[in-house]
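Asks: Handing over model19.txt, compact mmCIF, C-alpha atoms.
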# COMPACT_ATOMS: atom_id res chain seq x y z
CA MET A 297 16.80 0.47 1.74
CA ASN A 298 13.43 0.95 3.43
CA LYS A 299 10.41 -0.49 1.63
CA ILE A 300 7.10 1.39 1.52
CA LEU A 301 3.82 -0.04 0.28
CA ILE A 302 1.30 2.54 -0.94
CA ILE A 303 -2.32 1.37 -1.21
CA GLU A 304 -4.38 4.03 -3.00
CA ASP A 305 -7.11 3.89 -5.63
CA GLU A 306 -6.64 7.42 -7.02
CA GLN A 307 -3.92 7.29 -9.66
CA SER A 308 -2.88 10.95 -9.30
CA ILE A 309 -2.21 10.53 -5.55
CA LEU A 310 -0.43 7.24 -6.19
CA ASP A 311 1.82 8.89 -8.77
CA VAL A 312 2.76 11.85 -6.55
CA LEU A 313 3.60 9.66 -3.56
CA ASP A 314 5.52 7.18 -5.69
CA ASN A 315 7.60 9.89 -7.37
CA LYS A 316 8.43 11.73 -4.14
CA LEU A 317 9.32 8.66 -2.09
CA THR A 318 11.34 7.08 -4.90
CA LYS A 319 13.33 10.30 -5.31
CA ASP A 320 13.97 10.25 -1.55
CA GLY A 321 15.55 6.82 -1.89
CA TYR A 322 12.76 4.48 -0.77
CA LEU A 323 11.84 1.25 -2.51
CA VAL A 324 8.15 1.78 -3.30
CA THR A 325 5.55 -0.86 -4.09
CA LEU A 326 2.08 0.15 -5.30
CA ALA A 327 -1.37 -1.39 -4.94
CA LYS A 328 -4.63 0.05 -6.30
CA ASN A 329 -7.08 -1.58 -3.87
CA GLY A 330 -7.18 -3.38 -0.54
CA GLU A 331 -7.20 -6.89 -2.01
CA GLU A 332 -4.09 -6.24 -4.06
CA GLY A 333 -2.55 -4.43 -1.10
CA LEU A 334 -3.14 -7.32 1.29
CA GLU A 335 -1.55 -9.82 -1.08
CA THR A 336 1.43 -7.51 -1.55
CA ALA A 337 1.81 -6.75 2.17
CA LEU A 338 1.83 -10.43 3.08
CA ARG A 339 4.32 -11.25 0.34
CA ASP A 340 6.74 -8.31 0.58
CA HIS A 341 6.80 -7.39 4.29
CA SER A 342 7.21 -3.64 3.78
CA ASP A 343 8.63 -1.42 6.51
CA LEU A 344 5.76 1.08 6.17
CA ILE A 345 2.29 0.96 4.63
CA LEU A 346 0.52 4.13 3.48
CA LEU A 347 -3.13 3.13 3.33
CA ASP A 348 -6.19 4.81 1.87
CA ILE A 349 -9.32 4.01 3.87
CA LYS A 350 -12.04 4.46 1.23
CA MET A 351 -11.32 2.16 -1.73
CA PRO A 352 -13.17 -0.26 -4.01
CA ARG A 353 -13.05 -4.07 -3.62
CA MET A 354 -11.65 -3.89 -0.06
CA ASP A 355 -11.56 -0.75 2.08
CA GLY A 356 -8.68 0.18 4.36
CA ILE A 357 -10.36 -1.00 7.57
CA THR A 358 -11.05 -4.44 6.09
CA PHE A 359 -7.45 -4.54 4.86
CA LEU A 360 -6.20 -3.90 8.41
CA GLN A 361 -8.48 -6.59 9.82
CA GLY A 362 -7.15 -9.03 7.22
CA LEU A 363 -3.55 -8.07 7.94
CA MET A 364 -4.04 -8.47 11.70
CA GLY A 365 -5.48 -11.93 11.09
CA TYR A 366 -2.13 -13.05 9.70
CA TYR A 367 0.00 -11.71 12.56
Translate this structure into structure tokens?

Replies:
Amino acid sequence: MNKILIIEDEQSILDVLDNKLTKDGYLVTLAKNGEEGLETALRDHSDLILLDIKMPRMDGITFLQGLMGYY
């Protein structure tokens, strides 16, 4: 089963994406900000990351820079 990490601070968008992708058979992991998303991405090694750019605590660009620092 393919794993998808969704990093999104707006709960309504997070819910819609989670529901749709779960119904389509994906294993979905959720994070509400870039910090939480980075920890999850490094721990879970998802096949795909859907990333919001404008978020509190750590924006999407900073998340990508942090992720690239580990690989």

Asks: Between A:Gly321, A:Leu363, A:Asn315, A:Ile309, which one has atoms that come closest to Ala337 (chain A), using all atoms listed in the file?

Replies: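 Closest residue, counting all atoms listed in the file: A:Leu363.
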
Asks: Which residue out of A:Gly365, A:Gly333, A:Leu338, A:Val324 has the minimum interatomic distance to Arg353 (chain A) when only C-alpha atoms are used?

Replies: A:Gly333

Asks: Between A:Asn298, A:Leu313, A:Ile303, A:Asp320, which has the minimum distance to Asp355 (chain A) (counting only C-alpha atoms)?

Replies: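 Among A:Asn298, A:Leu313, A:Ile303, A:Asp320, it is A:Ile303 that comes nearest to Asp355 (chain A).
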
Asks: Interatomic distance between CA of Met297 (chain A) and CA of Asp343 (chain A)?

Replies: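 Going from CA of Met297 (chain A) over to CA of Asp343 (chain A) covers 9.6 Å.
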
Asks: A:Ile349, A:Leu360, A:Leu344, A:Ile300: which is nearest Leu326 (chain A), counting all atoms listed in the file?

Replies: A:Ile300

Asks: Under the rule that all atoms listed in the file are counted, which of A:Asp348, A:His341, A:Leu334, A:Glu304 is the nearest residue to Gln361 (chain A)?

Replies: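 Among the listed residues, the smallest separation from Gln361 (chain A) belongs to A:Leu334.
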
Asks: What does the distance from CA of Met351 (chain A) to CA of Asp305 (chain A) come to in Å, to one decimal?

Replies: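 So the answer is 6.0 Å.
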
Asks: Can you work out which one of A:Asp314, A:Leu346, A:Glu332, A:Asp340 has the shortest atom-to-atom distance to Ile302 (chain A), counting all atoms listed in the file?

Replies: A:Leu346

Asks: Do you know which residues are at most 9 Å from Thr336 (chain A) counting all atoms listed in the file, after dropping those on the same chain fewer than 5 positions away, and could you put them as a PDB file with C-alpha atoms, in the frame of the given file?

Replies:
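File produced: result_21.pdb:
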ATOM      1  CA  LEU A 301       3.820  -0.040   0.280  1.00  0.00           C
ATOM      2  CA  THR A 325       5.550  -0.860  -4.090  1.00  0.00           C
ATOM      3  CA  LEU A 326       2.080   0.150  -5.300  1.00  0.00           C
ATOM      4  CA  ALA A 327      -1.370  -1.390  -4.940  1.00  0.00           C
ATOM      5  CA  GLU A 331      -7.200  -6.890  -2.010  1.00  0.00           C
ATOM      6  CA  HIS A 341       6.800  -7.390   4.290  1.00  0.00           C
ATOM      7  CA  SER A 342       7.210  -3.640   3.780  1.00  0.00           C
TER       8      SER A 342
END

Asks: Would you work out the distance separating CA of Tyr366 (chain A) from CA of Tyr322 (chain A), expressed in Å to one decimal?

Replies: 25.3 Å

Asks: Would you place a box with edges along x, y and z of the file around all atoms of region 328-337 of chain A listed there, add 4 Å to each of its six sides, and report the centre and edge lengths in Å to one decimal, as JSON?

Replies:
{"center_x": -2.7, "center_y": -4.9, "center_z": -2.1, "size_x": 17.0, "size_y": 17.9, "size_z": 16.5}
